Structure formats: structure tokens, C-alpha cells
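Working notes, structure below.
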Amino acid sequence: MLKRTHSCGELTAEHLGREVVLNGWVNAYRDFGGVVFIDLRDRAGLTQVVFEPEAGTQLQEAAQSLRNEWVIGVRGTVRRRLPGKENPKLQTGEIELQATELEVFNATQTPPFEIDGEANEELRLKYRFLDLRRPEMHRIVEIRHRLAQTMRRTMTELGFWEVETPILGRSTPEGARDFLVPSRIHPGHFYALPQSPQLYKQLLMVAGMDRYFQIARCFRDEDLRANRQPEFTQLDIEMSFVQFEDVLATMEGLVKALSREFTGEELSTPLPRLDYHEAMERFGTDRPDLRFGMELIDLGDLAAQTEFKVFKDTIEHGRRVRGICAPGAAEKYSRKDLDALTSFAGDYGAKGLVWLKVEAEQFTGPTAKFLSPEVQAAFRERFGAKPGDLLLIVADTKDVTSAALSALRHRLGRELKLYDPKSFHYSWVVRFPLFSWDAEEGRYVAEHHPFTMPLPEDLHLLESEPLKVRAQAYDLVINGEEAAGGTIRCHDPAIQSTIFRHLGLSPEEAEEKFGFLLSALRFGAPPHGGIAFGLDRMVMLYAGLDNIRDVIPFPKTAKGTDLMTGAPGTVEEKQLRELHIRQR
RNA sequence: GGGGAUGUAGCUCAAUUGGUUAGAGCACCGGCCUGUCACGCCGGAGGUUGCGGGUUCGAGCCCCGUCAUCCUCGCCA
């Protein structure tokens, strides 16, 4: 085998006259009948190889038979390109390799798509091993590598130990649907793949491991999205003898290291913080994109005074009238565009969208005639609106106005280019509610997870008004994406049992499902808390991408299938028998 | 579970209002060419228009169903 002495990305004028061997894939061939050029590609780059007739007929003919994506080894001499023939687009553009020997390792079938061309995603996923040859995919995989390495290095510097936890665990109530693995040895019993290493990491704290981290694979059997896969990766972290502030401060050290590595920017800490309730009120979401303003404005008091029935009725029913002011958007959105925005708001439950174009004297729009000059003036002042602005108003429940306006704000922010898409904004959203109410199941559900510690100042409400209790919970939000989330854990058995009761878990059920953790918490559990970063989403952010499949080497489709391997697939009857499984 | 988009040559796309033999570029095969780097030139091969049914004198185009992929609401502590 012609074994390489250098990569295809490193030869320069420094190597002139040296005899070297390169290995790689044929990226392009240019056959002039006499002289033949090959661009040879490996992970490091491209190098031009020249085959000249003077080197012999046999080599010449071999070179002329080369095709794209063949895998070859070439021996030759590094020489300077002819004057004026340098290629400044290549790192190696000053030189070329004058070939003396060629070995074909593998002649390829015609690839189903061109490696440096475009192909639809379905085909790319079916032939992922070819798709991953593309330099863009190499760039992403390298970012992923650097992210993991920066995390490992920084966590180690901060005194954390990397510890592995089981993949085969047990199914616990609460949270997402589990992926189940049937037990062969125990008929009718199942393992569950972890939704996160949550319980194990708390046990590690009880075990005195003090500071733990893991780059952990997590599994959730829920429907997929552009930024959601059934298996994904988290940087999972837990620390002992800490309070709320300690976790945030420590994690800011990590965030600073990441920012330094990926954007070169030195973040100033502490990072901005936003209360959950304030975020919901000002932005309608618990993960606002703070790279631009356009905050949600409450119009309830003004709406009640108008002659517009929709507004009046909404307020009389105790609901909300809120809106946003899109700067300079009045001219940019046609009637058709506004219909599209109305339908878009409808996706989030809004039954309508009131739009008003702000002109020098008055508002225009179908609803303008219901608003007196006084009300219009008050709106204008409340929004800080200027002529040319577009007001978008939703009248509905708090939840619907939040969801619809937050989505509109996000969409318009992007369409109106209110921020630099390459910029980064980091902030904490803190003090989430401990519970929310699940109307379908008629019970409280944990907003984060069942082992979260309430805020000390809200403890007196835990019995009487659980929905008003806030948790010691925190999310790291980057550019409107939830990049990380965590809590201080409950290590007080009395509080924990009250929480279980609200969740509809009897002491017996709690013991049955979480006995091992409850037991551990009674055996000398230190105050502890932690957080988990969504590694895939962070790769997306730093790679500038908006699709999670692009940052996972072998991802699943939106229906959860793997187009390359065909998973999930059927199995032999014998396998099912061994697992004591009969198909319905 | 609901809503929406897409599906034509190996790839990326085109095909007027339903009308002749479904085209182009790239890739592939053959030929020519000694300085290209998206090499160029000449020639060739390549099609179940996702699949099934229907309407029609006639369907890539219209209708019904179905499959796949994507986006999205619900869902995702």
C-alpha cells in the first residue's frame, strides 16, 4: 500500500522538492489528453496532483481512468506551480504534486449524488456515509468534537468528574414517554432507556462524588421536530453543597469558555437574568430571543374602553388583549402577508389577529374605525409607535396571547432583520412555577421534574396554593433557544412527600416508583443541584444551522426512522419468543 | 391524532389552458485535447412522471386513495 506521508491540506512551498505520498478521494479530474490533473481530497483539504505523459504510458493510462470519488494513493514530488497558475482558493494552491506512482485502493460505483453538489435530504440520509464526506459535514462534526472537548476540559478544570450511568434503567412516571426494552430473563418486565440521567446523578451526590458531569445520550419517545430527535445528547451536570447562585455562577464559567472557543467573545458575567413571570409578560415565552426588543404590550385597560366588541368581551371575560409594534413594517406587509400572519397566529390558537398600520394622523386597517382618536392616541403612546409601524394585537386567554404574540415577535424579528443572525445573546430565565395544571389528567404536573426544591419564600403556599409556588429552577437561553435547564433538588423528605401528593402519587406509589431515590435522600443527602445542556442544540447555534439532523452524524427522520439502516425493523419470531412478546 | 408543502432521467430542475416523440445542466459511457482548477469540444445511453384507481378522445398536469420526505399544532418533566 502506498501509505501517506502527509495530508491533502498541509503541503506548501516549504515542502518543495520533497517526495511524498498522499491518500484520499478523487474530488475532480481534468483530463487534457496529455496532462491529467486530479484534485485529491481528505479530511484536511485538497491538493492538486499532476500526471504528465513524460512519467510513462502506464501511469498516464491509469490516471486517465480515474473518476470522481475513487480512493487512491499517489507518490510524487512537491513542486511549485507554473507562474500565474497558483490557485489562491486552496491552502495548498502554491504547489502541486508531480505524480510518479499511483495505486487505486477502491474504484467507486457511480455515486447516487455528487459529493460537491446538492441532493435532497432523503437521499442524503439514505447514503449518509457519502453525505458525511462533504466538507460542510466535516465542519459540523468538527464543531461537535470541539464543543465536547471544551466541555470536558472546562468541567475538569472546574473540579467535576466524568461518570457514566446506565442506559438500561427502569421506567418512572412523569415526563416523556419511555423507550422500553423487554427483559428476556424476567418475563413481562421491561427496562427503560433514560430520558436523562437525572436520578443517577442525584445518587452520585448522595455517594459523595461532589461534582459530576457526563456527556449523556438521552431518549424520549415523542414526536419529532426540526430541533428534536428521539435520541439526543446532553452535557449533564450535578454538584453538591450548593445553592441556586452557586450553580449559576459555576455554569457561567463554562458558558464563558464556550463563548471564547466558538465566537472569540469574552462574555461579561453575571449573565442577565429574567424572572419566568416577567419573561412571559414581556415576551410571551420562557425562552425569549433577547437580541431585539418588540416586547409584548398589555392593552387591557384601553381595550375595555373601545367600541370594539371583540376587545370588550375579551376583557369582560377576564382575558387579555396584548400586542406588539413591528417597527417600519406597515409598508412591508401587504394585505396578503397580513392574512398569512393571521393564519400563522391561528396555529397558536388565536381566533383572529387585529392589525393596524400607524400613519401620521390615524390608524388604518379593518379595526381602526372602532377605535376613537383618543384610544388611538393612547395605543400610540403605549406602544411608542411611529408612523410606518405595524401594530399586531391578539385578544384571547393569557396562554393564547402569549403563544401567538411570541411566535409573531420571533417571526417578524427575523423577517424585519431586527438583529444580526450571527450574534449571540445569553441569559438566564429563573424561578419557574413548581407545578402546572394538567386539565386532561385533572392533576398537577411537575413543571421541571418531581424532585425540584421550591423557593424558600414560597414554601408557605405549598399546601394552599401550589400553582403559585415558584421553583429553584433556571434555564439558560441563547438566542431564543433553551440551551440548558436545571434545578436545585429537594433533599427534604417532608417537602418531597407534599410534592408527590400534589402530583397524585400516594406514599405507596412514590415508594414503589422512586423508592431507591427516596431511600438515598434519607441516608445523608447533601444539598445539591444541577443542570443539563442540550449539546445538539448548542452545535446548531455555533454552526449557524436550524436543523438538528444536520448536527447529528446519523439522525432519524421526522417519523423516527433511519433511512440508511432501515431501523426500526422487524425481528425474527424466535427473538420475540425469547422476550415473551406476542404481537397484537 | 390534526393542518400544510413536496414527489418528473443517477442528481438539480423545466414542461403554456389537459394535446405530437416528457426537455436542459451536471453526473455516466465513447471520442478529441499537454496547464486546468465548475477545463473545453463532439457523440451516446439513460424515464413505470412515487404507487393504485378514476374522469377524459387524450393525464406529468384534473379528482379520489395511498406511500415517502419535510414543516407545523398537539405532545416533548
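Following the order of the C-alpha cells, chains are lettered A, B, ..., residues in each are numbered from 1, and ligands are numbered from 1.
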Please determine the contact residues of chain A with respect to chain B at a cut-off of 7 Å, counting only C-alpha atoms (C1' of nucleotides), and supply them as JSON, numbers by chain.
-> {"A": [30, 32, 33, 34, 35, 37, 112, 113, 114, 118, 119, 122, 174, 175, 176, 222, 223, 347, 446, 447, 448, 449]}
Selection from above, N, CA, C and O atoms, as an mmCIF file, in the first residue's frame, can you write it?
```cif
data_model
loop_
_atom_site.group_PDB
_atom_site.id
_atom_site.type_symbol
_atom_site.label_atom_id
_atom_site.label_comp_id
_atom_site.auth_asym_id
_atom_site.auth_seq_id
_atom_site.Cartn_x
_atom_site.Cartn_y
_atom_site.Cartn_z
ATOM 1 N N ARG A 30 -9.384 16.410 -14.348
ATOM 2 C CA ARG A 30 -9.375 17.227 -15.551
ATOM 3 C C ARG A 30 -8.359 16.609 -16.505
ATOM 4 O O ARG A 30 -7.155 16.706 -16.295
ATOM 5 N N PHE A 32 -6.613 16.297 -20.040
ATOM 6 C CA PHE A 32 -6.333 17.059 -21.268
ATOM 7 C C PHE A 32 -5.753 16.190 -22.358
ATOM 8 O O PHE A 32 -5.152 16.694 -23.304
ATOM 9 N N GLY A 33 -5.933 14.890 -22.235
ATOM 10 C CA GLY A 33 -5.375 14.002 -23.239
ATOM 11 C C GLY A 33 -3.917 13.750 -22.978
ATOM 12 O O GLY A 33 -3.479 12.604 -22.886
ATOM 13 N N GLY A 34 -3.187 14.823 -22.803
ATOM 14 C CA GLY A 34 -1.802 14.688 -22.410
ATOM 15 C C GLY A 34 -1.715 14.721 -20.898
ATOM 16 O O GLY A 34 -1.781 13.694 -20.231
ATOM 17 N N VAL A 35 -1.663 15.935 -20.377
ATOM 18 C CA VAL A 35 -1.550 16.096 -18.931
ATOM 19 C C VAL A 35 -2.917 15.845 -18.272
ATOM 20 O O VAL A 35 -3.956 16.172 -18.840
ATOM 21 N N PHE A 37 -4.982 16.341 -14.528
ATOM 22 C CA PHE A 37 -4.986 16.905 -13.170
ATOM 23 C C PHE A 37 -6.008 16.182 -12.315
ATOM 24 O O PHE A 37 -7.103 15.864 -12.777
ATOM 25 N N PRO A 112 -24.758 8.039 -5.942
ATOM 26 C CA PRO A 112 -26.148 8.431 -6.198
ATOM 27 C C PRO A 112 -26.335 9.946 -6.253
ATOM 28 O O PRO A 112 -27.355 10.417 -6.729
ATOM 29 N N PHE A 113 -25.379 10.680 -5.740
ATOM 30 C CA PHE A 113 -25.410 12.137 -5.904
ATOM 31 C C PHE A 113 -23.980 12.629 -5.881
ATOM 32 O O PHE A 113 -23.077 11.919 -5.449
ATOM 33 N N GLU A 114 -23.811 13.853 -6.390
ATOM 34 C CA GLU A 114 -22.453 14.387 -6.460
ATOM 35 C C GLU A 114 -22.070 14.960 -5.099
ATOM 36 O O GLU A 114 -22.821 15.717 -4.498
ATOM 37 N N GLU A 118 -25.737 19.312 -4.863
ATOM 38 C CA GLU A 118 -26.874 19.346 -3.972
ATOM 39 C C GLU A 118 -27.673 18.067 -4.138
ATOM 40 O O GLU A 118 -27.709 17.481 -5.208
ATOM 41 N N ALA A 119 -28.294 17.634 -3.042
ATOM 42 C CA ALA A 119 -29.168 16.477 -3.106
ATOM 43 C C ALA A 119 -30.220 16.637 -2.026
ATOM 44 O O ALA A 119 -29.973 17.294 -1.017
ATOM 45 N N GLU A 122 -33.639 13.311 1.863
ATOM 46 C CA GLU A 122 -33.997 11.898 1.921
ATOM 47 C C GLU A 122 -32.856 11.042 1.364
ATOM 48 O O GLU A 122 -32.462 10.035 1.952
ATOM 49 N N GLU A 174 -44.186 10.314 35.142
ATOM 50 C CA GLU A 174 -43.838 11.712 34.896
ATOM 51 C C GLU A 174 -42.926 11.795 33.670
ATOM 52 O O GLU A 174 -42.150 10.897 33.394
ATOM 53 N N GLY A 175 -43.079 12.926 32.996
ATOM 54 C CA GLY A 175 -42.170 13.173 31.896
ATOM 55 C C GLY A 175 -42.602 12.555 30.590
ATOM 56 O O GLY A 175 -43.762 12.200 30.398
ATOM 57 N N ALA A 176 -41.629 12.403 29.708
ATOM 58 C CA ALA A 176 -41.907 11.940 28.353
ATOM 59 C C ALA A 176 -42.185 10.442 28.338
ATOM 60 O O ALA A 176 -41.952 9.731 29.313
ATOM 61 N N GLU A 222 -41.207 10.686 21.824
ATOM 62 C CA GLU A 222 -42.230 11.667 21.483
ATOM 63 C C GLU A 222 -42.058 12.052 20.029
ATOM 64 O O GLU A 222 -41.070 11.692 19.399
ATOM 65 N N ASP A 223 -43.051 12.797 19.510
ATOM 66 C CA ASP A 223 -42.969 13.183 18.095
ATOM 67 C C ASP A 223 -41.787 14.110 17.839
ATOM 68 O O ASP A 223 -41.411 14.914 18.690
ATOM 69 N N ASP A 347 -52.368 29.222 14.162
ATOM 70 C CA ASP A 347 -51.694 27.973 14.535
ATOM 71 C C ASP A 347 -51.499 27.880 16.038
ATOM 72 O O ASP A 347 -51.336 26.794 16.583
ATOM 73 N N ALA A 446 -45.388 18.217 37.448
ATOM 74 C CA ALA A 446 -44.167 18.955 37.751
ATOM 75 C C ALA A 446 -43.742 19.734 36.518
ATOM 76 O O ALA A 446 -43.707 19.200 35.417
ATOM 77 N N GLU A 447 -43.432 21.000 36.693
ATOM 78 C CA GLU A 447 -43.025 21.821 35.556
ATOM 79 C C GLU A 447 -41.642 21.392 35.068
ATOM 80 O O GLU A 447 -41.407 21.304 33.882
ATOM 81 N N HIS A 448 -40.744 21.073 35.981
ATOM 82 C CA HIS A 448 -39.414 20.612 35.570
ATOM 83 C C HIS A 448 -39.307 19.109 35.828
ATOM 84 O O HIS A 448 -39.340 18.317 34.917
ATOM 85 N N HIS A 449 -39.178 18.707 37.081
ATOM 86 C CA HIS A 449 -39.294 17.303 37.441
ATOM 87 C C HIS A 449 -39.678 17.225 38.920
ATOM 88 O O HIS A 449 -39.631 18.237 39.624
#
```
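Our summary of the geometry notes that CA of Val429 (chain A) is positioned 8.9 Å from CA of Pro288 (chain A).
The shell of residues at most 12 Å from Glu482 (chain A), with only C-alpha atoms (C1' of nucleotides) counted and near chain neighbours (fewer than 2 positions) removed, consists of Asn227, Thr285, Asp286, Arg287, Pro288, Asp289, His425, Tyr426, Ser427, Trp428, Val429, Tyr474, Asp475, Leu476, Val477, Ile478, Asn479, Gly480, Ala484, Gly485, Gly486, Ala532, Phe533, Gly534, Leu535, Asp536, Arg537, Met538 and Leu541 of chain A.
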Between B:C13, B:U8, B:C64, B:G23, which is the closest to U49 (chain B) once you count only C-alpha atoms (C1' of nucleotides)?
-> B:U8
Alpha helix (DSSP H) residues, from DSSP on the backbone, in region 306-503 of chain A, as an MDAnalysis selection string | chainID A and resid 309:316 335:346 373:383 398:415 493:502
Please give the complete set of residues from region 22-225 of chain A that DSSP, run on the backbone, assigns to strand (DSSP E or B), formatted as a PyMOL selection string.
-> chain A and resi 22-31+36-42+45-51+71-80+95-106+161-162+169+180-182+190-192+211-219+225
Close residues, U55 (chain B) itself excluded, 12 Å, only C-alpha atoms (C1' of nucleotides), min 3 positions apart in chain, as a PyMOL selection string = chain B and resi 18+58-59+62-64
